[in-house]
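Scroll down for the structure; my scribbles are underneath it.
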Amino acid sequence: MSKSKYSELIKAEAKRLGFLSCGISKAQFLEEEAPRLEKWLNANAHGEMRYMENHFDKRLDPTKLVEGSKSVVSLLLNYYPQNIQNTESYKLSKYAYGVDYHFVIKDKLKQLLHFIKEDIGDVHGRAFVDSAPVLDKAWAARAGLGWIGKHSNLLTQQVGSFYFIAELIIDLDLEYDHATTDHCGTCTACIDACPTEAITEPYVVDGSKCISYFTIELKENIPSAFKGQFDDWMFGCDVCQDVCPWNRFSKPHNEPLFNPHPELLSMSRKDWDEITKDTFNIVFKNSAVKRTKFEGLKRNISFLNER
C-alpha cells in the first residue's frame, strides 16, 4: 500500500474518532522555531514554568523523543461549548468546562494508534497531549492545519482557534501536508484586548504576564501590580480568542465529555465566593481545574476581589 493510501486511512479514522482535522508532517528538526524558543526562554517569558527550560533538543526534534520516527500526525479536537457561563459569574476558560482533555484525547489517540497497527502493520510510536516537550502549534502549522496567529494560538479560517492540539509521532513514512498562509493581516484585536498586555508584539506572548499563567501555573501569590486587570477570569483566559474575528466561525463541539457540570453555568459570583471544597470536587470532578486545586481557585477568586 502507498504512503498516500496510509495517510488517507489515518485521516479517515481520525475523523471517525471525532477529531476536527488531521494533518501530517515529516519528523525532523524544527529549524525555524529553534532561535525563537531560545529567545523566548532567554527573555524569561516562561516565568516560573521552569520545565520549559528542560529537554530543549527534544522540543525541537521528534526523532529524539521517538526513536526512528518519520512522521508527526497532528490532530485538532474542538472544545467550543454550546452554552457559556452566565454574565454574573467569575470566568473559567472554555477548555476547562468538562472532563480534563488529557484523558479524553489520550483515549482517542490510543484508539488511532491501535487502528494504525491493526490496519497498516508493525508501526511504533507515541501519543502526545500537551504533557511532553512537543511544540504542538508548530507541528500543526507545518501540517497545514492552520497558522499561528498574533496571539500565538493556532488559527484556521474555517473554525477559529477553540480546539485542542495533539500528536502521534510514529516510525511510518507518510504523505506530508503543506503549511498554509497567515491570514491575520493588519488585525490587532488580540493585542489591543489583552487585559495584562501579555502580547508584547505580534506573535510574541510574555507567558509571565498572561492571566492563564497567573491563575494556573503560578503557585505563589499573584503580583499586586496586576490587581484589577484580570477582567473576572478565575481560571485561564479566553480574551485573545474571544475577540479574534476568525472565531465567529466557531461551532459547538459534539463531545459529551466536554459538556460542563450543570451547576457550573448557573453559578454566580456569590456562589463562587462561598464555594466549599465539597462543591469544588463535585463541579470539577475529573476536570482540568483540579490542576490549580481548591486552594488555588480560592486564591484566584480572592485576588479578583482585591480592587
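Within each chain, counting starts at residue 1; across the C-alpha cells, chains are named A, B, ... in the order shown, with ligands numbered 1 upward in that order.
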Report task. Within 12 Å of Lys106 in chain A, counting only C-alpha atoms, which residues show up once you throw out same-chain ones fewer than 3 positions away? Write them as number ranges by chain, please. Result -> A: 17, 75, 77, 100-103, 109-113, 126-131, 164-168
Requested in this report: Using DSSP on the backbone coordinates, identify the residues of range 120-293 of chain A assigned to strand (DSSP E); present them as a PyMOL selection string.
Outcome: chain A and resi 125-128+147-148+154-155+163-170+199-201+204-205+233-235
Query raised in the report: So how many Å separate CA of Phe235 in chain A and CA of Val104 in chain A, to one decimal?
Result: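 Computing it gives 20.0 Å between the two atoms.
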Quick one: residues within 12 Å of Trp139 in chain A, only C-alpha atoms, excluding same-chain residues fewer than 4 positions away - as an mmCIF file with N, CA and C atoms, in the first residue's frame?
```cif
data_model
loop_
_atom_site.group_PDB
_atom_site.id
_atom_site.type_symbol
_atom_site.label_atom_id
_atom_site.label_comp_id
_atom_site.auth_asym_id
_atom_site.auth_seq_id
_atom_site.Cartn_x
_atom_site.Cartn_y
_atom_site.Cartn_z
ATOM 1 N N CYS A 22 -6.958 16.510 10.687
ATOM 2 C CA CYS A 22 -5.724 15.748 10.844
ATOM 3 C C CYS A 22 -4.766 16.144 9.727
ATOM 4 N N GLY A 23 -3.529 16.425 10.090
ATOM 5 C CA GLY A 23 -2.506 16.770 9.109
ATOM 6 C C GLY A 23 -1.211 16.043 9.444
ATOM 7 N N ILE A 24 -0.370 15.868 8.455
ATOM 8 C CA ILE A 24 0.846 15.065 8.657
ATOM 9 C C ILE A 24 2.080 15.822 8.167
ATOM 10 N N SER A 25 3.132 15.783 8.961
ATOM 11 C CA SER A 25 4.385 16.425 8.572
ATOM 12 C C SER A 25 5.561 15.489 8.834
ATOM 13 N N LYS A 26 6.669 15.779 8.200
ATOM 14 C CA LYS A 26 7.870 14.956 8.337
ATOM 15 C C LYS A 26 8.517 15.194 9.697
ATOM 16 N N ALA A 27 8.879 14.132 10.380
ATOM 17 C CA ALA A 27 9.544 14.240 11.675
ATOM 18 C C ALA A 27 10.992 14.674 11.466
ATOM 19 N N GLN A 28 11.266 15.936 11.767
ATOM 20 C CA GLN A 28 12.613 16.467 11.581
ATOM 21 C C GLN A 28 12.822 17.683 12.484
ATOM 22 N N PHE A 29 14.035 18.137 12.573
ATOM 23 C CA PHE A 29 14.384 19.260 13.430
ATOM 24 C C PHE A 29 13.629 20.528 13.006
ATOM 25 N N LEU A 30 13.046 21.231 13.999
ATOM 26 C CA LEU A 30 12.313 22.466 13.724
ATOM 27 C C LEU A 30 13.293 23.648 13.679
ATOM 28 N N GLU A 32 13.328 26.600 12.119
ATOM 29 C CA GLU A 32 12.847 27.979 12.274
ATOM 30 C C GLU A 32 12.463 28.291 13.717
ATOM 31 N N GLU A 33 11.934 27.288 14.424
ATOM 32 C CA GLU A 33 11.449 27.514 15.780
ATOM 33 C C GLU A 33 12.577 27.584 16.809
ATOM 34 N N ARG A 59 12.319 19.176 22.353
ATOM 35 C CA ARG A 59 11.213 20.043 21.929
ATOM 36 C C ARG A 59 11.285 20.353 20.441
ATOM 37 N N LEU A 60 12.489 20.352 19.913
ATOM 38 C CA LEU A 60 12.698 20.759 18.523
ATOM 39 C C LEU A 60 12.895 19.597 17.567
ATOM 40 N N ASP A 61 13.133 18.403 18.108
ATOM 41 C CA ASP A 61 13.446 17.268 17.243
ATOM 42 C C ASP A 61 12.709 16.009 17.717
ATOM 43 N N PRO A 62 11.621 15.642 17.038
ATOM 44 C CA PRO A 62 10.825 14.483 17.465
ATOM 45 C C PRO A 62 11.571 13.154 17.378
ATOM 46 N N SER A 71 7.202 10.408 10.981
ATOM 47 C CA SER A 71 6.051 11.284 10.726
ATOM 48 C C SER A 71 5.435 11.797 12.021
ATOM 49 N N VAL A 72 4.968 13.052 11.949
ATOM 50 C CA VAL A 72 4.213 13.637 13.055
ATOM 51 C C VAL A 72 2.781 13.820 12.564
ATOM 52 N N VAL A 73 1.864 13.089 13.166
ATOM 53 C CA VAL A 73 0.447 13.183 12.813
ATOM 54 C C VAL A 73 -0.200 14.155 13.797
ATOM 55 N N SER A 74 -0.593 15.333 13.315
ATOM 56 C CA SER A 74 -1.193 16.357 14.176
ATOM 57 C C SER A 74 -2.712 16.313 14.068
ATOM 58 N N LEU A 75 -3.372 16.500 15.212
ATOM 59 C CA LEU A 75 -4.824 16.389 15.259
ATOM 60 C C LEU A 75 -5.430 17.531 16.058
ATOM 61 N N LEU A 76 -6.602 17.978 15.647
ATOM 62 C CA LEU A 76 -7.337 19.028 16.353
ATOM 63 C C LEU A 76 -8.647 18.451 16.867
ATOM 64 N N PHE A 128 0.933 12.156 22.183
ATOM 65 C CA PHE A 128 1.279 13.335 22.986
ATOM 66 C C PHE A 128 0.096 14.286 23.087
ATOM 67 N N VAL A 134 6.806 18.810 23.347
ATOM 68 C CA VAL A 134 6.447 18.834 21.922
ATOM 69 C C VAL A 134 5.852 20.203 21.610
ATOM 70 N N LEU A 135 6.308 20.849 20.545
ATOM 71 C CA LEU A 135 5.769 22.157 20.149
ATOM 72 C C LEU A 135 4.526 21.942 19.287
ATOM 73 N N ALA A 143 1.755 20.996 9.403
ATOM 74 C CA ALA A 143 0.875 20.013 8.779
ATOM 75 C C ALA A 143 -0.304 20.658 8.059
ATOM 76 N N GLY A 144 -0.297 21.989 7.985
ATOM 77 C CA GLY A 144 -1.330 22.680 7.226
ATOM 78 C C GLY A 144 -2.670 22.814 7.916
ATOM 79 N N LEU A 145 -2.692 22.613 9.254
ATOM 80 C CA LEU A 145 -3.966 22.683 9.966
ATOM 81 C C LEU A 145 -4.365 24.108 10.326
ATOM 82 N N GLY A 146 -3.473 25.053 10.103
ATOM 83 C CA GLY A 146 -3.756 26.447 10.395
ATOM 84 C C GLY A 146 -2.459 27.242 10.432
ATOM 85 N N TRP A 147 -2.553 28.494 10.848
ATOM 86 C CA TRP A 147 -1.345 29.309 11.016
ATOM 87 C C TRP A 147 -1.320 29.815 12.453
ATOM 88 N N ILE A 148 -0.145 30.146 12.942
ATOM 89 C CA ILE A 148 -0.030 30.656 14.303
ATOM 90 C C ILE A 148 -0.314 32.162 14.269
ATOM 91 N N LEU A 154 -2.995 28.643 17.399
ATOM 92 C CA LEU A 154 -3.220 28.177 16.032
ATOM 93 C C LEU A 154 -4.590 28.654 15.560
ATOM 94 N N ILE A 165 -4.832 20.595 20.525
ATOM 95 C CA ILE A 165 -3.895 20.039 19.545
ATOM 96 C C ILE A 165 -3.193 18.844 20.174
ATOM 97 N N ALA A 166 -3.077 17.772 19.415
ATOM 98 C CA ALA A 166 -2.396 16.567 19.904
ATOM 99 C C ALA A 166 -1.616 15.934 18.760
ATOM 100 N N GLU A 167 -0.741 14.986 19.103
ATOM 101 C CA GLU A 167 0.091 14.352 18.073
ATOM 102 C C GLU A 167 0.281 12.862 18.315
ATOM 103 N N LEU A 168 0.495 12.175 17.202
ATOM 104 C CA LEU A 168 1.091 10.840 17.212
ATOM 105 C C LEU A 168 2.423 10.994 16.482
ATOM 106 N N ILE A 169 3.504 10.570 17.105
ATOM 107 C CA ILE A 169 4.803 10.562 16.428
ATOM 108 C C ILE A 169 5.136 9.098 16.169
ATOM 109 N N TYR A 176 3.115 13.885 3.190
ATOM 110 C CA TYR A 176 3.127 15.055 4.050
ATOM 111 C C TYR A 176 2.326 16.222 3.477
ATOM 112 N N ASP A 177 1.670 16.931 4.384
ATOM 113 C CA ASP A 177 0.880 18.095 4.011
ATOM 114 C C ASP A 177 1.765 19.350 3.997
ATOM 115 N N HIS A 178 1.210 20.433 3.498
ATOM 116 C CA HIS A 178 1.984 21.676 3.379
ATOM 117 C C HIS A 178 1.387 22.766 4.260
ATOM 118 N N ALA A 179 2.243 23.630 4.762
ATOM 119 C CA ALA A 179 1.793 24.733 5.613
ATOM 120 C C ALA A 179 0.883 25.675 4.843
#
```
Report task. Apply DSSP to the backbone of this structure and, from range 10-143 of chain A, keep only the residues in helix (DSSP H, G or I); write these as a PyMOL selection string. Result -> chain A and resi 10-16+33-42+50-53+56-60+62-64+94-96+101-119+136-142
Give me, as a tab-separated table, each residue of range 226-247 of chain A that comes within 8 Å of range 191-195 of chain A, together with its shortest interatomic pair and the distance in Å at one decimal, counting only C-alpha atoms, with rows ordered by chain and rising residue number.
```
residue	atom	partner	partner_atom	distance
A:Gln229	CA	A:Pro195	CA	5.7
A:Phe230	CA	A:Pro195	CA	6.4
A:Asp231	CA	A:Pro195	CA	6.9
A:Val239	CA	A:Cys194	CA	6.4
A:Cys240	CA	A:Cys194	CA	6.2
A:Val243	CA	A:Ala193	CA	7.3
```
Output file for the selection above: N, CA, C and O atoms, as a PDB file, in the first residue's frame:
```pdb
ATOM      1  N   GLN A 229      -6.821  43.906  36.821  1.00  0.00           N
ATOM      2  CA  GLN A 229      -6.567  43.701  35.382  1.00  0.00           C
ATOM      3  C   GLN A 229      -7.036  42.340  34.865  1.00  0.00           C
ATOM      4  O   GLN A 229      -6.832  42.031  33.703  1.00  0.00           O
ATOM      5  N   PHE A 230      -7.655  41.547  35.733  1.00  0.00           N
ATOM      6  CA  PHE A 230      -7.970  40.169  35.340  1.00  0.00           C
ATOM      7  C   PHE A 230      -9.331  40.004  34.673  1.00  0.00           C
ATOM      8  O   PHE A 230      -9.679  38.894  34.261  1.00  0.00           O
ATOM      9  N   ASP A 231     -10.124  41.064  34.611  1.00  0.00           N
ATOM     10  CA  ASP A 231     -11.404  41.011  33.887  1.00  0.00           C
ATOM     11  C   ASP A 231     -12.276  39.841  34.359  1.00  0.00           C
ATOM     12  O   ASP A 231     -12.949  39.183  33.561  1.00  0.00           O
ATOM     13  N   VAL A 239      -9.712  35.847  26.408  1.00  0.00           N
ATOM     14  CA  VAL A 239      -9.914  37.163  25.789  1.00  0.00           C
ATOM     15  C   VAL A 239      -9.358  37.231  24.369  1.00  0.00           C
ATOM     16  O   VAL A 239     -10.047  37.656  23.433  1.00  0.00           O
ATOM     17  N   CYS A 240      -8.092  36.818  24.183  1.00  0.00           N
ATOM     18  CA  CYS A 240      -7.484  36.951  22.857  1.00  0.00           C
ATOM     19  C   CYS A 240      -8.194  36.100  21.806  1.00  0.00           C
ATOM     20  O   CYS A 240      -8.188  36.426  20.621  1.00  0.00           O
ATOM     21  N   VAL A 243     -12.022  37.759  21.075  1.00  0.00           N
ATOM     22  CA  VAL A 243     -12.081  38.953  20.216  1.00  0.00           C
ATOM     23  C   VAL A 243     -11.598  38.684  18.791  1.00  0.00           C
ATOM     24  O   VAL A 243     -11.754  39.535  17.912  1.00  0.00           O
TER      25      VAL A 243
END
```
When you look at His183 in chain A with a cut-off of 9 Å (counting only C-alpha atoms), what residues show up, excluding the ones that are within fewer than 2 positions of it in the same chain? I need them as a PDB file with all heavy atoms, in the first residue's frame.
```
ATOM      1  N   TRP A 147      -2.553  28.494  10.848  1.00  0.00           N
ATOM      2  CA  TRP A 147      -1.345  29.309  11.016  1.00  0.00           C
ATOM      3  C   TRP A 147      -1.320  29.815  12.453  1.00  0.00           C
ATOM      4  O   TRP A 147      -2.359  29.879  13.120  1.00  0.00           O
ATOM      5  CB  TRP A 147      -1.340  30.481  10.025  1.00  0.00           C
ATOM      6  CG  TRP A 147      -2.296  31.592  10.351  1.00  0.00           C
ATOM      7  CD1 TRP A 147      -2.041  32.747  11.049  1.00  0.00           C
ATOM      8  CD2 TRP A 147      -3.701  31.656  10.008  1.00  0.00           C
ATOM      9  NE1 TRP A 147      -3.175  33.512  11.156  1.00  0.00           N
ATOM     10  CE2 TRP A 147      -4.199  32.871  10.531  1.00  0.00           C
ATOM     11  CE3 TRP A 147      -4.568  30.806   9.313  1.00  0.00           C
ATOM     12  CZ2 TRP A 147      -5.527  33.248  10.384  1.00  0.00           C
ATOM     13  CZ3 TRP A 147      -5.884  31.180   9.172  1.00  0.00           C
ATOM     14  CH2 TRP A 147      -6.353  32.392   9.692  1.00  0.00           C
ATOM     15  N   GLY A 149      -1.363  32.561  14.983  1.00  0.00           N
ATOM     16  CA  GLY A 149      -1.813  33.943  14.953  1.00  0.00           C
ATOM     17  C   GLY A 149      -0.973  34.864  15.827  1.00  0.00           C
ATOM     18  O   GLY A 149      -0.035  34.440  16.498  1.00  0.00           O
ATOM     19  N   LEU A 155      -4.658  29.181  14.345  1.00  0.00           N
ATOM     20  CA  LEU A 155      -5.898  29.706  13.776  1.00  0.00           C
ATOM     21  C   LEU A 155      -6.225  29.021  12.456  1.00  0.00           C
ATOM     22  O   LEU A 155      -5.319  28.712  11.671  1.00  0.00           O
ATOM     23  CB  LEU A 155      -5.756  31.208  13.509  1.00  0.00           C
ATOM     24  CG  LEU A 155      -6.083  32.175  14.645  1.00  0.00           C
ATOM     25  CD1 LEU A 155      -5.664  33.579  14.257  1.00  0.00           C
ATOM     26  CD2 LEU A 155      -7.579  32.140  14.961  1.00  0.00           C
ATOM     27  N   THR A 156      -7.505  28.809  12.233  1.00  0.00           N
ATOM     28  CA  THR A 156      -7.948  28.335  10.925  1.00  0.00           C
ATOM     29  C   THR A 156      -9.077  29.242  10.448  1.00  0.00           C
ATOM     30  O   THR A 156      -9.839  29.784  11.252  1.00  0.00           O
ATOM     31  CB  THR A 156      -8.477  26.889  10.986  1.00  0.00           C
ATOM     32  OG1 THR A 156      -9.719  26.884  11.725  1.00  0.00           O
ATOM     33  CG2 THR A 156      -7.499  25.961  11.674  1.00  0.00           C
ATOM     34  N   GLN A 157      -9.187  29.394   9.140  1.00  0.00           N
ATOM     35  CA  GLN A 157     -10.243  30.233   8.584  1.00  0.00           C
ATOM     36  C   GLN A 157     -11.620  29.606   8.786  1.00  0.00           C
ATOM     37  O   GLN A 157     -12.620  30.307   8.861  1.00  0.00           O
ATOM     38  CB  GLN A 157     -10.001  30.453   7.089  1.00  0.00           C
ATOM     39  CG  GLN A 157      -8.826  31.360   6.782  1.00  0.00           C
ATOM     40  CD  GLN A 157      -8.608  31.514   5.287  1.00  0.00           C
ATOM     41  OE1 GLN A 157      -8.128  30.602   4.624  1.00  0.00           O
ATOM     42  NE2 GLN A 157      -8.972  32.668   4.756  1.00  0.00           N
ATOM     43  N   THR A 181      -1.068  29.679   4.682  1.00  0.00           N
ATOM     44  CA  THR A 181      -0.572  31.057   4.794  1.00  0.00           C
ATOM     45  C   THR A 181      -1.214  31.771   5.987  1.00  0.00           C
ATOM     46  O   THR A 181      -2.254  31.349   6.491  1.00  0.00           O
ATOM     47  CB  THR A 181      -0.866  31.846   3.510  1.00  0.00           C
ATOM     48  OG1 THR A 181      -2.247  31.653   3.147  1.00  0.00           O
ATOM     49  CG2 THR A 181       0.008  31.353   2.377  1.00  0.00           C
ATOM     50  N   GLY A 185      -3.449  39.387   8.736  1.00  0.00           N
ATOM     51  CA  GLY A 185      -3.457  40.697   8.083  1.00  0.00           C
ATOM     52  C   GLY A 185      -3.035  41.815   9.018  1.00  0.00           C
ATOM     53  O   GLY A 185      -2.107  41.663   9.815  1.00  0.00           O
TER      54      GLY A 185
END
```
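Each of A:Leu92, A:Leu304, A:Cys244, A:Leu257 was checked against Phe226 in chain A using only C-alpha atoms; the smallest atom-to-atom distance is that of A:Leu304.
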Query raised in the report: Using only C-alpha atoms, which of A:His151, A:Lys70, A:Lys91, A:Lys293 sits nearest Ile170 in chain A?
Result: A:Lys70
**Report entry** Nearest residue to Phe19 in chain A from the set A:Asp278, A:Glu38, A:Lys108, A:Trp233 (distances using only C-alpha atoms)
**Finding:**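 Looking only at the distances to Phe19 in chain A, the closest residue turns out to be A:Lys108.
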Would you pick out the contacts of Trp272 in chain A at 10 Å or less, using only C-alpha atoms, so that residues sharing its chain but fewer than 4 positions from it are not included, and give the list as an mmCIF file with all heavy atoms, in the first residue's frame?
```cif
data_model
loop_
_atom_site.group_PDB
_atom_site.id
_atom_site.type_symbol
_atom_site.label_atom_id
_atom_site.label_comp_id
_atom_site.auth_asym_id
_atom_site.auth_seq_id
_atom_site.Cartn_x
_atom_site.Cartn_y
_atom_site.Cartn_z
ATOM 1 N N SER A 89 -20.944 35.900 36.617
ATOM 2 C CA SER A 89 -20.046 34.893 37.196
ATOM 3 C C SER A 89 -18.595 35.281 36.970
ATOM 4 O O SER A 89 -18.269 35.994 36.017
ATOM 5 C CB SER A 89 -20.321 33.530 36.551
ATOM 6 O OG SER A 89 -19.351 32.575 36.917
ATOM 7 N N TYR A 90 -17.721 34.803 37.853
ATOM 8 C CA TYR A 90 -16.299 34.847 37.535
ATOM 9 C C TYR A 90 -16.100 33.867 36.385
ATOM 10 O O TYR A 90 -16.863 32.901 36.228
ATOM 11 C CB TYR A 90 -15.463 34.410 38.732
ATOM 12 C CG TYR A 90 -15.629 35.275 39.942
ATOM 13 C CD1 TYR A 90 -16.010 34.723 41.158
ATOM 14 C CD2 TYR A 90 -15.394 36.653 39.888
ATOM 15 C CE1 TYR A 90 -16.163 35.506 42.287
ATOM 16 C CE2 TYR A 90 -15.546 37.447 41.011
ATOM 17 C CZ TYR A 90 -15.941 36.868 42.213
ATOM 18 O OH TYR A 90 -16.091 37.653 43.327
ATOM 19 N N MET A 234 -11.031 33.683 36.614
ATOM 20 C CA MET A 234 -10.537 32.970 37.808
ATOM 21 C C MET A 234 -9.733 31.722 37.447
ATOM 22 O O MET A 234 -9.009 31.185 38.282
ATOM 23 C CB MET A 234 -11.701 32.567 38.716
ATOM 24 C CG MET A 234 -12.675 31.591 38.090
ATOM 25 S SD MET A 234 -13.928 31.066 39.273
ATOM 26 C CE MET A 234 -15.063 30.213 38.153
ATOM 27 N N LEU A 264 -22.206 24.480 36.956
ATOM 28 C CA LEU A 264 -21.151 25.422 36.589
ATOM 29 C C LEU A 264 -21.695 26.647 35.851
ATOM 30 O O LEU A 264 -21.314 27.776 36.137
ATOM 31 C CB LEU A 264 -20.092 24.718 35.739
ATOM 32 C CG LEU A 264 -18.815 25.514 35.449
ATOM 33 C CD1 LEU A 264 -17.622 24.574 35.360
ATOM 34 C CD2 LEU A 264 -18.917 26.305 34.158
ATOM 35 N N MET A 267 -23.736 29.195 38.235
ATOM 36 C CA MET A 267 -23.143 29.773 39.443
ATOM 37 C C MET A 267 -22.863 31.267 39.285
ATOM 38 O O MET A 267 -22.395 31.711 38.241
ATOM 39 C CB MET A 267 -21.862 29.021 39.814
ATOM 40 C CG MET A 267 -22.134 27.623 40.355
ATOM 41 S SD MET A 267 -20.630 26.671 40.676
ATOM 42 C CE MET A 267 -20.021 27.463 42.169
ATOM 43 N N SER A 268 -23.170 32.020 40.337
ATOM 44 C CA SER A 268 -22.944 33.476 40.337
ATOM 45 C C SER A 268 -21.640 33.797 41.067
ATOM 46 O O SER A 268 -20.998 32.911 41.641
ATOM 47 C CB SER A 268 -24.099 34.171 41.060
ATOM 48 O OG SER A 268 -24.086 33.804 42.439
ATOM 49 N N THR A 276 -17.370 25.734 48.537
ATOM 50 C CA THR A 276 -16.745 24.841 49.511
ATOM 51 C C THR A 276 -15.929 23.790 48.761
ATOM 52 O O THR A 276 -16.084 23.610 47.547
ATOM 53 C CB THR A 276 -17.796 24.116 50.359
ATOM 54 O OG1 THR A 276 -18.599 23.286 49.485
ATOM 55 C CG2 THR A 276 -18.689 25.113 51.090
ATOM 56 N N THR A 279 -18.244 21.246 47.063
ATOM 57 C CA THR A 279 -18.827 21.728 45.801
ATOM 58 C C THR A 279 -17.769 21.724 44.699
ATOM 59 O O THR A 279 -18.047 21.340 43.556
ATOM 60 C CB THR A 279 -19.408 23.144 45.976
ATOM 61 O OG1 THR A 279 -20.397 23.117 46.995
ATOM 62 C CG2 THR A 279 -20.031 23.646 44.679
ATOM 63 N N PHE A 280 -16.575 22.168 45.055
ATOM 64 C CA PHE A 280 -15.459 22.167 44.096
ATOM 65 C C PHE A 280 -15.240 20.766 43.534
ATOM 66 O O PHE A 280 -15.108 20.578 42.315
ATOM 67 C CB PHE A 280 -14.189 22.668 44.785
ATOM 68 C CG PHE A 280 -12.944 22.612 43.919
ATOM 69 C CD1 PHE A 280 -12.622 23.667 43.071
ATOM 70 C CD2 PHE A 280 -12.103 21.507 43.957
ATOM 71 C CE1 PHE A 280 -11.478 23.622 42.280
ATOM 72 C CE2 PHE A 280 -10.959 21.448 43.165
ATOM 73 C CZ PHE A 280 -10.641 22.506 42.323
ATOM 74 N N LEU A 297 -7.858 27.950 43.373
ATOM 75 C CA LEU A 297 -9.030 28.651 42.840
ATOM 76 C C LEU A 297 -9.509 29.705 43.832
ATOM 77 O O LEU A 297 -9.869 30.823 43.435
ATOM 78 C CB LEU A 297 -10.156 27.655 42.536
ATOM 79 C CG LEU A 297 -11.322 28.232 41.719
ATOM 80 C CD1 LEU A 297 -10.875 28.540 40.294
ATOM 81 C CD2 LEU A 297 -12.515 27.280 41.688
ATOM 82 N N LYS A 298 -9.492 29.387 45.119
ATOM 83 C CA LYS A 298 -9.881 30.354 46.147
ATOM 84 C C LYS A 298 -8.926 31.556 46.141
ATOM 85 O O LYS A 298 -9.358 32.706 46.298
ATOM 86 C CB LYS A 298 -9.875 29.688 47.531
ATOM 87 C CG LYS A 298 -11.023 28.733 47.765
ATOM 88 C CD LYS A 298 -12.376 29.410 47.858
ATOM 89 C CE LYS A 298 -12.564 30.162 49.153
ATOM 90 N NZ LYS A 298 -13.925 30.765 49.252
ATOM 91 N N ILE A 301 -9.902 33.743 43.191
ATOM 92 C CA ILE A 301 -11.151 34.473 43.451
ATOM 93 C C ILE A 301 -10.909 35.621 44.422
ATOM 94 O O ILE A 301 -11.410 36.732 44.239
ATOM 95 C CB ILE A 301 -12.238 33.506 43.984
ATOM 96 C CG1 ILE A 301 -12.653 32.520 42.869
ATOM 97 C CG2 ILE A 301 -13.447 34.275 44.498
ATOM 98 C CD1 ILE A 301 -13.516 31.361 43.342
#
```
Requested in this report: Can you pull out every residue within 9 Å of Asn44 in chain A, counting only C-alpha atoms, but drop anything in the same chain fewer than 3 positions away, and send it as a list in words?
Outcome: Lys39, Trp40, Leu41, Gly47, Glu48, Asp206, Gly207 and Ser208 of chain A
With N, CA, C and O atoms retained, write the just-selected residues as a PDB file, in the first residue's frame.
```pdb
ATOM      1  N   LYS A  39      15.188  32.539  22.258  1.00  0.00           N
ATOM      2  CA  LYS A  39      15.000  33.952  22.584  1.00  0.00           C
ATOM      3  C   LYS A  39      13.914  34.122  23.641  1.00  0.00           C
ATOM      4  O   LYS A  39      14.047  34.923  24.582  1.00  0.00           O
ATOM      5  N   TRP A  40      12.835  33.363  23.512  1.00  0.00           N
ATOM      6  CA  TRP A  40      11.704  33.427  24.446  1.00  0.00           C
ATOM      7  C   TRP A  40      12.139  33.001  25.843  1.00  0.00           C
ATOM      8  O   TRP A  40      11.803  33.643  26.838  1.00  0.00           O
ATOM      9  N   LEU A  41      12.915  31.929  25.922  1.00  0.00           N
ATOM     10  CA  LEU A  41      13.414  31.449  27.213  1.00  0.00           C
ATOM     11  C   LEU A  41      14.411  32.441  27.823  1.00  0.00           C
ATOM     12  O   LEU A  41      14.372  32.705  29.025  1.00  0.00           O
ATOM     13  N   GLY A  47       8.391  32.690  32.890  1.00  0.00           N
ATOM     14  CA  GLY A  47       8.181  32.927  34.316  1.00  0.00           C
ATOM     15  C   GLY A  47       8.688  31.794  35.180  1.00  0.00           C
ATOM     16  O   GLY A  47       9.840  31.366  35.072  1.00  0.00           O
ATOM     17  N   GLU A  48       7.789  31.276  36.037  1.00  0.00           N
ATOM     18  CA  GLU A  48       8.153  30.174  36.942  1.00  0.00           C
ATOM     19  C   GLU A  48       7.969  28.799  36.298  1.00  0.00           C
ATOM     20  O   GLU A  48       8.133  27.778  36.965  1.00  0.00           O
ATOM     21  N   ASP A 206       4.339  37.127  26.290  1.00  0.00           N
ATOM     22  CA  ASP A 206       5.128  37.002  27.511  1.00  0.00           C
ATOM     23  C   ASP A 206       4.292  36.178  28.477  1.00  0.00           C
ATOM     24  O   ASP A 206       3.371  36.688  29.121  1.00  0.00           O
ATOM     25  N   GLY A 207       4.610  34.890  28.550  1.00  0.00           N
ATOM     26  CA  GLY A 207       3.828  33.984  29.388  1.00  0.00           C
ATOM     27  C   GLY A 207       3.758  34.409  30.838  1.00  0.00           C
ATOM     28  O   GLY A 207       2.768  34.148  31.533  1.00  0.00           O
ATOM     29  N   SER A 208       4.786  35.101  31.306  1.00  0.00           N
ATOM     30  CA  SER A 208       4.837  35.507  32.708  1.00  0.00           C
ATOM     31  C   SER A 208       3.890  36.670  33.024  1.00  0.00           C
ATOM     32  O   SER A 208       3.755  37.069  34.174  1.00  0.00           O
TER      33      SER A 208
END
```
Query raised in the report: Skipping near chain neighbours, those fewer than 2 positions away, what residues fall within 12 Å of Val283 in chain A using only C-alpha atoms, listed as an MDAnalysis selection string?
Result: chainID A and resid 96:99 259:267 272 275:281 285:290 294
